[in-house]
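Trainee: Structure supplied as final18.cif; contents: mmCIF, C-alpha atoms.
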```
data_my_file
#
loop_
_atom_site.label_atom_id
_atom_site.label_comp_id
_atom_site.auth_asym_id
_atom_site.auth_seq_id
_atom_site.Cartn_x
_atom_site.Cartn_y
_atom_site.Cartn_z
CA MET A 1 75.40 126.63 123.99
CA SER A 2 73.78 125.07 127.09
CA SER A 3 74.81 121.60 128.22
CA TYR A 4 71.39 120.29 127.14
CA SER A 5 71.72 121.86 123.68
CA ALA A 6 75.24 120.49 123.34
CA GLN A 7 74.00 117.02 124.26
CA GLN A 8 71.18 117.22 121.74
CA SER A 9 73.58 118.45 119.08
CA SER A 10 75.90 115.51 119.81
CA ILE A 11 73.00 113.05 119.55
CA SER A 12 71.86 114.59 116.26
CA GLU A 13 75.37 114.40 114.84
CA ASN A 14 75.68 110.78 115.90
CA ASN A 15 72.37 109.91 114.23
CA ARG A 16 73.36 111.69 110.99
CA SER A 17 76.65 109.80 111.03
CA ARG A 18 74.96 106.44 111.57
CA ILE A 19 72.67 107.06 108.59
CA LEU A 20 75.56 108.07 106.33
CA GLN A 21 77.66 105.10 107.42
CA TYR A 22 74.77 102.70 106.86
CA LEU A 23 74.22 104.02 103.34
CA TYR A 24 77.96 103.98 102.67
CA HIS A 25 78.31 100.30 103.56
CA ASN A 26 74.92 99.04 102.33
CA GLY A 27 74.14 101.14 99.26
CA ILE A 28 70.62 102.10 98.18
CA SER A 29 68.20 101.64 101.09
CA SER A 30 64.71 102.74 102.06
CA ARG A 31 63.98 104.92 105.07
CA ALA A 32 62.28 101.93 106.69
CA GLN A 33 65.36 99.74 106.21
CA ILE A 34 67.61 102.39 107.73
CA ALA A 35 65.24 102.91 110.69
CA LYS A 36 65.16 99.19 111.43
CA ALA A 37 68.92 98.75 111.05
CA ILE A 38 70.05 101.59 113.32
CA GLY A 39 67.15 101.63 115.79
CA LEU A 40 65.58 105.02 115.07
CA THR A 41 61.91 105.74 114.43
CA PRO A 42 60.74 106.23 110.82
CA ALA A 43 59.77 109.80 111.76
CA ALA A 44 63.29 110.55 113.00
CA ILE A 45 64.81 109.09 109.84
CA THR A 46 62.51 111.17 107.66
CA LYS A 47 63.44 114.36 109.54
CA ILE A 48 67.19 113.75 109.37
CA THR A 49 67.26 112.57 105.76
CA ALA A 50 65.23 115.60 104.66
CA LYS A 51 68.10 117.86 105.73
CA LEU A 52 70.69 115.60 104.13
CA LEU A 53 68.67 115.61 100.90
CA PHE A 54 68.41 119.38 100.99
CA ARG A 55 72.22 119.64 101.22
CA ASN A 56 72.59 117.05 98.44
CA VAL A 57 74.66 114.79 100.69
CA ILE A 58 72.27 111.97 99.84
CA GLU A 59 69.90 111.51 96.91
CA GLU A 60 66.66 109.73 96.17
CA THR A 61 66.99 106.94 93.60
CA GLY A 62 63.37 106.16 92.80
CA ASP A 63 60.95 103.41 93.77
CA MET A 64 62.08 100.18 95.40
CA GLU A 65 60.16 97.30 96.96
CA GLY A 66 59.65 97.63 100.71
CA ASP A 67 58.17 95.46 103.44
CA LYS A 68 54.88 93.72 102.69
CA ASN A 69 55.23 94.64 99.00
CA ARG A 70 54.84 98.34 99.78
CA ARG A 71 56.63 100.76 97.48
CA SER A 72 59.44 102.77 99.04
CA ILE A 73 61.79 105.44 97.76
CA GLY A 74 65.47 104.48 97.80
CA LEU A 75 68.14 106.69 99.32
CA ASN A 76 71.81 106.66 98.39
CA LEU A 77 74.92 108.49 99.56
CA ASN A 78 76.15 110.80 96.82
CA CYS A 79 79.66 109.29 96.72
CA ALA A 80 80.64 110.52 93.26
CA LYS A 81 79.80 114.15 94.05
CA TYR A 82 82.46 114.62 96.74
CA HIS A 83 86.21 114.16 96.46
CA VAL A 84 89.04 113.95 98.99
CA VAL A 85 92.81 114.32 98.76
CA GLY A 86 95.09 111.65 100.23
CA VAL A 87 98.73 112.42 101.02
CA LYS A 88 101.16 109.61 101.78
CA PHE A 89 104.43 110.33 103.59
CA ALA A 90 106.86 107.39 103.45
CA ARG A 91 110.30 108.72 104.27
CA SER A 92 111.72 109.17 100.75
CA LEU A 93 108.37 108.92 98.98
CA VAL A 94 105.46 111.38 98.99
CA GLN A 95 102.34 110.66 96.94
CA ILE A 96 99.29 112.88 96.51
CA ALA A 97 96.05 111.50 95.09
CA VAL A 98 92.44 112.55 94.59
CA PHE A 99 89.62 110.06 95.24
CA ASP A 100 85.85 110.02 95.32
CA LEU A 101 84.10 108.81 98.48
CA LYS A 102 84.23 105.18 97.32
CA CYS A 103 87.99 105.62 96.88
CA ASN A 104 87.99 105.42 93.10
CA ARG A 105 91.25 107.15 92.28
CA ILE A 106 90.92 110.20 90.05
CA SER A 107 94.58 111.30 89.95
CA LEU A 108 97.94 110.38 91.47
CA THR A 109 101.10 112.49 91.73
CA ASP A 110 104.53 111.29 92.90
CA LEU A 111 106.68 114.11 94.25
CA PRO A 112 110.45 113.97 93.61
CA THR A 113 112.36 111.59 95.87
CA VAL A 114 112.83 113.15 99.31
CA ASP A 115 116.12 113.29 101.21
CA GLU A 116 117.10 114.93 104.50
CA LYS A 117 118.10 118.18 102.79
CA ASN A 118 114.90 118.88 100.87
CA ILE A 119 112.22 118.06 103.46
CA PRO A 120 111.28 121.77 103.96
CA GLU A 121 110.96 122.22 100.18
CA THR A 122 108.85 119.05 100.02
CA VAL A 123 106.48 120.40 102.69
CA GLU A 124 106.00 123.59 100.67
CA GLN A 125 105.53 121.59 97.47
CA ILE A 126 102.81 119.53 99.17
CA ARG A 127 101.01 122.70 100.22
CA SER A 128 101.18 124.23 96.76
CA THR A 129 100.19 120.97 94.99
CA VAL A 130 97.16 120.38 97.23
CA ARG A 131 96.07 124.02 96.97
CA GLN A 132 96.13 123.73 93.19
CA LEU A 133 94.13 120.49 93.29
CA ILE A 134 91.49 122.14 95.47
CA ALA A 135 91.38 125.20 93.21
CA ASP A 136 90.90 122.97 90.16
CA ASP A 137 88.30 120.71 91.79
CA PRO A 138 85.62 122.37 93.97
CA SER A 139 84.26 118.90 94.82
CA ILE A 140 87.20 118.32 97.19
CA VAL A 141 85.88 118.50 100.77
CA ALA A 142 88.78 117.20 102.89
CA VAL A 143 92.47 116.24 102.98
CA GLY A 144 93.72 113.09 104.71
CA MET A 145 97.39 112.51 105.51
CA ALA A 146 99.15 109.26 106.40
CA VAL A 147 102.46 109.78 108.20
CA PRO A 148 105.12 107.38 109.53
CA GLY A 149 104.78 106.19 113.11
CA PRO A 150 105.24 106.45 116.00
CA TYR A 151 103.01 109.50 115.51
CA LEU A 152 102.26 111.57 118.62
CA VAL A 153 98.61 112.40 117.96
CA GLU A 154 98.24 115.32 120.38
CA GLU A 155 101.60 116.90 119.54
CA GLY A 156 101.32 116.55 115.77
CA HIS A 157 104.75 115.14 114.99
CA THR A 158 106.43 111.79 114.57
CA ALA A 159 108.59 110.68 117.49
CA LEU A 160 110.94 108.66 115.29
CA VAL A 161 111.44 108.13 111.57
CA SER A 162 114.25 105.63 111.22
CA SER A 163 116.61 106.32 108.30
CA MET A 164 115.02 109.76 107.70
CA GLN A 165 115.11 111.67 110.99
CA GLY A 166 114.42 115.03 109.35
CA TRP A 167 110.69 114.23 109.29
CA ARG A 168 110.71 114.42 113.11
CA ARG A 169 111.08 118.19 112.85
CA VAL A 170 107.86 118.52 110.84
CA ASN A 171 104.76 119.30 112.91
CA PHE A 172 102.02 118.10 110.59
CA ILE A 173 99.26 119.93 112.45
CA LYS A 174 101.16 123.23 112.37
CA GLU A 175 102.25 122.87 108.75
CA PHE A 176 98.95 121.72 107.25
CA SER A 177 95.90 122.17 109.52
CA GLU A 178 95.19 125.69 108.25
CA ALA A 179 96.97 125.47 104.92
CA PHE A 180 93.82 124.80 102.89
CA ASN A 181 90.20 125.90 102.83
CA VAL A 182 89.00 122.36 103.66
CA PRO A 183 89.57 120.30 106.85
CA VAL A 184 92.78 118.29 107.24
CA PHE A 185 93.07 114.99 109.12
CA VAL A 186 96.38 113.29 109.99
CA GLU A 187 96.84 109.63 110.93
CA GLN A 188 99.71 107.20 111.39
CA ASP A 189 100.29 105.33 108.12
CA ALA A 190 99.52 101.78 109.25
CA ARG A 191 96.33 102.88 110.99
CA ALA A 192 95.35 104.74 107.82
CA GLY A 193 95.97 101.53 105.89
CA ALA A 194 93.80 99.62 108.36
CA LEU A 195 91.01 102.16 107.82
CA ALA A 196 91.26 101.63 104.07
CA GLN A 197 90.99 97.86 104.46
CA PHE A 198 88.03 98.28 106.82
CA LEU A 199 86.17 100.72 104.54
CA PHE A 200 86.78 99.14 101.16
CA ASN A 201 86.84 95.39 101.83
CA PRO A 202 83.49 94.22 103.26
CA GLU A 203 85.02 90.89 104.27
CA LEU A 204 87.24 92.74 106.78
CA SER A 205 84.57 94.90 108.43
CA GLU A 206 83.70 92.33 111.11
CA GLY A 207 85.82 91.23 114.07
CA SER A 208 89.32 92.59 114.62
CA LEU A 209 91.61 93.61 111.78
CA ALA A 210 95.40 93.96 111.84
CA TYR A 211 96.91 95.80 108.88
CA TYR A 212 100.60 94.87 108.69
CA LEU A 213 102.36 97.60 106.70
CA LEU A 214 105.48 96.34 104.93
CA GLY A 215 107.01 99.43 103.36
CA GLU A 216 109.99 101.68 103.96
CA GLY A 217 109.16 101.08 107.60
CA ILE A 218 107.21 98.28 109.26
CA GLY A 219 103.94 99.33 110.87
CA LEU A 220 100.74 97.96 112.34
CA GLY A 221 97.21 99.31 112.57
CA ILE A 222 94.57 97.54 114.66
CA ILE A 223 90.81 98.02 114.31
CA ASP A 224 88.74 96.10 116.84
CA ASN A 225 84.94 96.10 116.41
CA GLY A 226 85.12 99.30 114.39
CA SER A 227 87.47 101.22 116.71
CA ILE A 228 91.14 102.04 116.09
CA TYR A 229 93.54 101.10 118.88
CA TYR A 230 95.79 104.06 119.82
CA GLY A 231 97.30 103.63 123.28
CA ALA A 232 98.04 106.51 125.68
CA HIS A 233 99.97 108.75 123.29
CA GLY A 234 98.83 107.33 119.96
CA THR A 235 101.99 105.27 119.60
CA ALA A 236 100.58 101.80 120.25
CA THR A 237 101.13 98.89 117.84
CA GLU A 238 104.63 99.97 116.77
CA ILE A 239 105.47 96.46 115.61
CA GLY A 240 108.48 97.67 113.61
CA HIS A 241 110.35 98.41 116.84
CA ILE A 242 109.72 95.11 118.58
CA SER A 243 113.08 93.37 118.92
CA VAL A 244 113.37 90.02 117.15
CA ASP A 245 117.08 89.70 118.05
CA VAL A 246 118.27 91.09 121.40
CA ASN A 247 121.86 91.00 120.11
CA GLY A 248 120.97 92.22 116.64
CA LYS A 249 121.41 95.27 114.46
CA PRO A 250 121.18 98.69 116.17
CA CYS A 251 118.15 100.81 115.30
CA ASP A 252 117.66 104.59 115.28
CA CYS A 253 115.01 104.16 118.01
CA GLY A 254 117.69 103.13 120.53
CA ASN A 255 116.73 99.46 120.57
CA VAL A 256 118.62 96.64 118.85
CA GLY A 257 117.32 93.90 116.59
CA CYS A 258 114.15 95.79 115.64
CA LEU A 259 111.94 93.99 113.16
CA GLU A 260 112.18 96.73 110.53
CA ARG A 261 115.99 96.38 110.46
CA TYR A 262 115.44 92.98 108.79
CA CYS A 263 112.37 93.15 106.57
CA SER A 264 111.55 96.74 105.60
CA ALA A 265 112.12 97.99 102.06
CA ASN A 266 115.08 99.98 103.43
CA ALA A 267 116.57 96.85 105.00
CA ILE A 268 116.09 94.86 101.81
CA HIS A 269 117.78 97.61 99.77
CA GLU A 270 120.65 97.64 102.26
CA ARG A 271 121.14 93.89 101.76
CA LEU A 272 121.02 94.26 97.99
CA ASN A 273 123.66 96.98 98.10
CA GLU A 274 125.86 94.55 100.04
CA GLN A 275 125.26 91.88 97.37
CA PRO A 276 124.80 93.93 94.17
CA SER A 277 125.05 90.85 91.97
CA ILE A 278 121.47 89.91 92.97
CA VAL A 279 120.00 93.07 91.43
CA PRO A 280 122.61 94.83 89.26
CA GLY A 281 122.32 98.61 89.43
CA CYS A 282 120.39 98.55 92.73
CA GLU A 283 122.66 101.25 94.16
CA THR A 284 120.96 103.91 92.03
CA MET A 285 117.40 102.67 92.62
CA THR A 286 114.86 103.87 95.18
CA HIS A 287 113.95 101.41 97.94
CA ALA A 288 110.68 100.55 96.21
CA GLN A 289 112.38 100.03 92.83
CA ALA A 290 115.01 97.76 94.37
CA CYS A 291 112.31 95.60 96.01
CA THR A 292 110.29 95.40 92.79
CA ALA A 293 113.39 94.34 90.88
CA LEU A 294 114.19 91.70 93.52
CA PHE A 295 110.72 90.19 93.37
CA ALA A 296 110.88 90.09 89.56
CA LYS A 297 114.06 88.02 89.88
CA VAL A 298 112.24 85.67 92.27
CA SER A 299 109.46 85.21 89.69
CA ALA A 300 112.14 84.39 87.12
CA GLY A 301 113.50 81.63 89.38
CA ASP A 302 116.72 83.32 90.51
CA LYS A 303 118.11 81.31 93.44
CA ALA A 304 119.88 84.13 95.33
CA ALA A 305 116.86 86.43 95.02
CA THR A 306 114.57 83.65 96.22
CA GLU A 307 116.75 82.91 99.24
CA LEU A 308 116.89 86.57 100.27
CA THR A 309 113.14 87.04 99.84
CA SER A 310 112.45 83.87 101.83
CA GLU A 311 114.65 85.15 104.66
CA VAL A 312 112.79 88.48 104.65
CA ALA A 313 109.46 86.64 104.66
CA ARG A 314 110.46 84.65 107.73
CA TYR A 315 111.16 87.85 109.63
CA ILE A 316 107.77 89.17 108.54
CA GLY A 317 106.37 85.90 109.89
CA TYR A 318 108.04 86.54 113.26
CA GLY A 319 106.22 89.85 113.34
CA ALA A 320 102.95 88.11 112.53
CA VAL A 321 103.50 85.75 115.46
CA ASN A 322 103.92 88.77 117.76
CA ILE A 323 100.76 90.34 116.33
CA ILE A 324 98.77 87.15 116.98
CA ASN A 325 100.10 86.72 120.51
CA ALA A 326 99.61 90.39 121.45
CA PHE A 327 96.30 91.21 119.77
CA ASN A 328 94.66 87.94 118.65
CA PRO A 329 93.10 89.51 115.52
CA THR A 330 90.56 87.83 113.28
CA HIS A 331 92.44 88.98 110.15
CA ILE A 332 96.01 90.03 109.35
CA VAL A 333 96.41 91.84 106.03
CA LEU A 334 99.90 92.20 104.52
CA GLY A 335 100.25 95.38 102.49
CA ASP A 336 102.50 98.02 100.90
CA ILE A 337 105.76 97.60 98.97
CA ILE A 338 106.88 94.18 100.17
CA SER A 339 103.46 92.58 99.71
CA GLN A 340 104.30 92.72 95.98
CA ALA A 341 106.33 89.56 96.62
CA GLY A 342 102.95 87.85 96.47
CA GLN A 343 102.08 84.24 97.18
CA PRO A 344 105.62 83.03 98.06
CA LEU A 345 105.78 85.72 100.78
CA LEU A 346 102.34 84.79 102.09
CA ASP A 347 103.17 81.06 102.13
CA GLU A 348 106.36 81.62 104.13
CA VAL A 349 104.61 83.90 106.64
CA LYS A 350 101.87 81.31 107.17
CA LYS A 351 104.52 78.62 107.61
CA VAL A 352 106.22 80.60 110.39
CA VAL A 353 102.88 81.22 112.07
CA ARG A 354 102.08 77.49 112.01
CA GLU A 355 105.48 76.72 113.53
CA ARG A 356 105.40 79.32 116.29
CA THR A 357 101.85 79.88 117.54
CA ILE A 358 99.34 77.91 119.56
CA PRO A 359 97.47 75.96 116.84
CA GLU A 360 93.99 76.88 118.10
CA VAL A 361 94.93 80.57 117.84
CA GLY A 362 97.24 80.72 114.83
CA ASN A 363 95.06 78.49 112.67
CA ASP A 364 92.04 80.70 113.31
CA THR A 365 93.84 83.86 112.20
CA GLU A 366 93.22 84.58 108.53
CA ILE A 367 96.33 86.02 106.86
CA THR A 368 95.94 87.54 103.40
CA LEU A 369 97.64 89.90 100.99
CA SER A 370 96.03 93.31 100.58
CA SER A 371 93.58 93.49 97.70
CA LEU A 372 94.09 97.25 97.51
CA PRO A 373 96.72 98.75 95.20
CA THR A 374 100.38 98.74 96.22
CA ASP A 375 99.99 102.40 97.17
CA ALA A 376 97.50 101.33 99.87
CA THR A 377 98.83 103.99 102.25
CA VAL A 378 97.74 106.85 99.99
CA THR A 379 94.39 105.07 99.77
CA GLY A 380 94.53 104.93 103.56
CA ALA A 381 95.14 108.67 103.73
CA ALA A 382 91.97 109.15 101.69
CA ALA A 383 90.18 106.72 104.02
CA VAL A 384 91.10 108.96 106.97
CA ALA A 385 89.36 111.89 105.27
CA ILE A 386 86.37 109.78 104.18
CA THR A 387 85.93 108.37 107.70
CA SER A 388 85.89 111.90 109.13
CA PHE A 389 83.34 112.92 106.48
CA LEU A 390 81.05 110.07 107.53
CA GLU A 391 81.54 110.48 111.28
CA HIS A 392 81.32 114.28 111.51
CA PRO A 393 79.04 115.53 108.71
CA SER A 394 78.41 118.90 110.38
CA MET A 395 82.09 119.75 109.82
CA PHE A 396 81.37 119.76 106.10
CA PHE A 397 77.71 120.82 105.77
CA ASP A 398 75.21 122.99 107.58
CA VAL A 399 72.78 120.20 108.41
CA ALA A 400 71.48 121.44 111.76
#
```
The structure given in the file should be rewritten as structure tokens.
Mentor:
Amino acid sequence: MSSYSAQQSSISENNRSRILQYLYHNGISSRAQIAKAIGLTPAAITKITAKLLFRNVIEETGDMEGDKNRRSIGLNLNCAKYHVVGVKFARSLVQIAVFDLKCNRISLTDLPTVDEKNIPETVEQIRSTVRQLIADDPSIVAVGMAVPGPYLVEEGHTALVSSMQGWRRVNFIKEFSEAFNVPVFVEQDARAGALAQFLFNPELSEGSLAYYLLGEGIGLGIIDNGSIYYGAHGTATEIGHISVDVNGKPCDCGNVGCLERYCSANAIHERLNEQPSIVPGCETMTHAQACTALFAKVSAGDKAATELTSEVARYIGYGAVNIINAFNPTHIVLGDIISQAGQPLLDEVKKVVRERTIPEVGNDTEITLSSLPTDATVTGAAAVAITSFLEHPSMFFDVA
């Protein structure tokens, strides 16, 4: 392909993507509305949408009122027709779900709890499970995967997975990129969660968004004016390994006093095992189960549970202060396992932010709990696939 042809192809792909993204976020629209919104001529819109209609990527929805009371034909992205698979890796937990393009969940599978010894078997089980899902559902067009950070984007593996180092030996690109007959996209879990918030919550699609993942690890994904922030190697925004105590607990990363040693689900479970009277039987629970049981005790008014959760929330607040000072986002969204603590958690985090930030900055940062399900990371994995579908339609359809 000549350089001119390649340039034209790139422009055409960009225009197709802009049309699909406009329809995705705005719903049924006329050709004239799309042309005005994205700055293309009506003739160009007609030409591009004709090919998308032919491939059934979009559909006509009938008459709608246009400018100057003219009748127009509505166009809509065929979101229910196409499905994606989302795979969430969270140290001991792997979830696999099928979604439509609007992220309505069709199915969800929890694989058996993972430990260091059975990671290779888990990888094979993921391959076989996803292959079966694709065989059973020909509407599946892509697989998205959300993996723990710091994820080295170009190398395909995670540089560190505290408390479960065996995942470091898994090269996600090598293990999965050619495992299925549909494209596979891999993203760091917190950035995947940020994509989910950006795609599925219209209130978060403007400005800069920080998704603060509070799960078995602590992570951060930043989207600024529609673009994900990666850094040089894809390992930026690793908030979980910012030290909040220079003389504190040692971390697998080599640092001491890392944030996730104090407020991750693993850290909470560790504290409960040291004080088993707070949640009897916690020793045999998973990290997520132990946290859920703790927060239930808080709701019931248990003093010890409330004190521990409040302490955890303050550490999460220290992380929020660092996020505000480093990135100055418009929104911070708290999500994943520990966000189940709900309003008391949010209130304590906001209190710390008020105490420890410049008022003009901290007060203008909106901090909320995620409105997505607790398994927001598997939703984020699906969002990675959906985003690729919208941005690179020619990977999925012959629309040239």
Trainee: Between region 238-280 of chain A and region 286-308 of chain A, at 7 Å or less, what are the per-residue closest atom pairs and their distances in Å? Count all atoms listed in the file, order by chain and rising residue number, and return it as a tab-separated table.
Mentor:
```
residue	atom	partner	partner_atom	distance
A:Ala265	CA	A:His287	CA	5.7
A:Asn266	CA	A:His287	CA	5.8
A:Ile268	CA	A:Cys291	CA	7.0
A:His269	CA	A:His287	CA	5.7
A:Ile278	CA	A:Ala305	CA	6.1
A:Val279	CA	A:Leu294	CA	6.3
```
Trainee: Kindly export the residues of the current selection with C-alpha atoms, as a short mmCIF file (atom, residue, chain, number, x, y, z; two decimals), keeping the file's coordinate frame.
Mentor:
```cif
data_model
loop_
_atom_site.label_atom_id
_atom_site.label_comp_id
_atom_site.auth_asym_id
_atom_site.auth_seq_id
_atom_site.Cartn_x
_atom_site.Cartn_y
_atom_site.Cartn_z
CA ALA A 265 112.12 97.99 102.06
CA ASN A 266 115.08 99.98 103.43
CA ILE A 268 116.09 94.86 101.81
CA HIS A 269 117.78 97.61 99.77
CA ILE A 278 121.47 89.91 92.97
CA VAL A 279 120.00 93.07 91.43
#
```
Trainee: With distances taken over only C-alpha atoms, which residue among A:Ala44, A:Ala341, A:Leu108, A:Val141 lies nearest Cys79 (chain A)?
Mentor: A:Val141
Trainee: Which value, in Å to one decimal, gives the distance between CA of Ala90 (chain A) and CA of Leu204 (chain A)?
Mentor: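 Value for the CA of Ala90 (chain A)-CA of Leu204 (chain A) distance: 24.7 Å.
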Trainee: Which residues come within 12 Å of Val184 (chain A), counting all atoms listed in the file, excluding same-chain residues fewer than 2 positions away, as a PyMOL selection string?
Mentor: chain A and resi 84-87+127+130+140-146+172-182+186-187+381-382+384-386+388-389+395-396
Trainee: If you measure from CA of Arg356 (chain A) to CA of Cys253 (chain A), what distance in Å do you get, rounded to one decimal?
Mentor: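 These atoms are spaced 26.7 Å apart.
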Trainee: Starting from the shown file, work through the PyMOL selection byres ((chain A and resi 105) around 12) and note down what comes out as a ChimeraX atom specification.
Mentor: /A:80,83-86,96-104,106-109,372-373,375-376,378-380,382-383
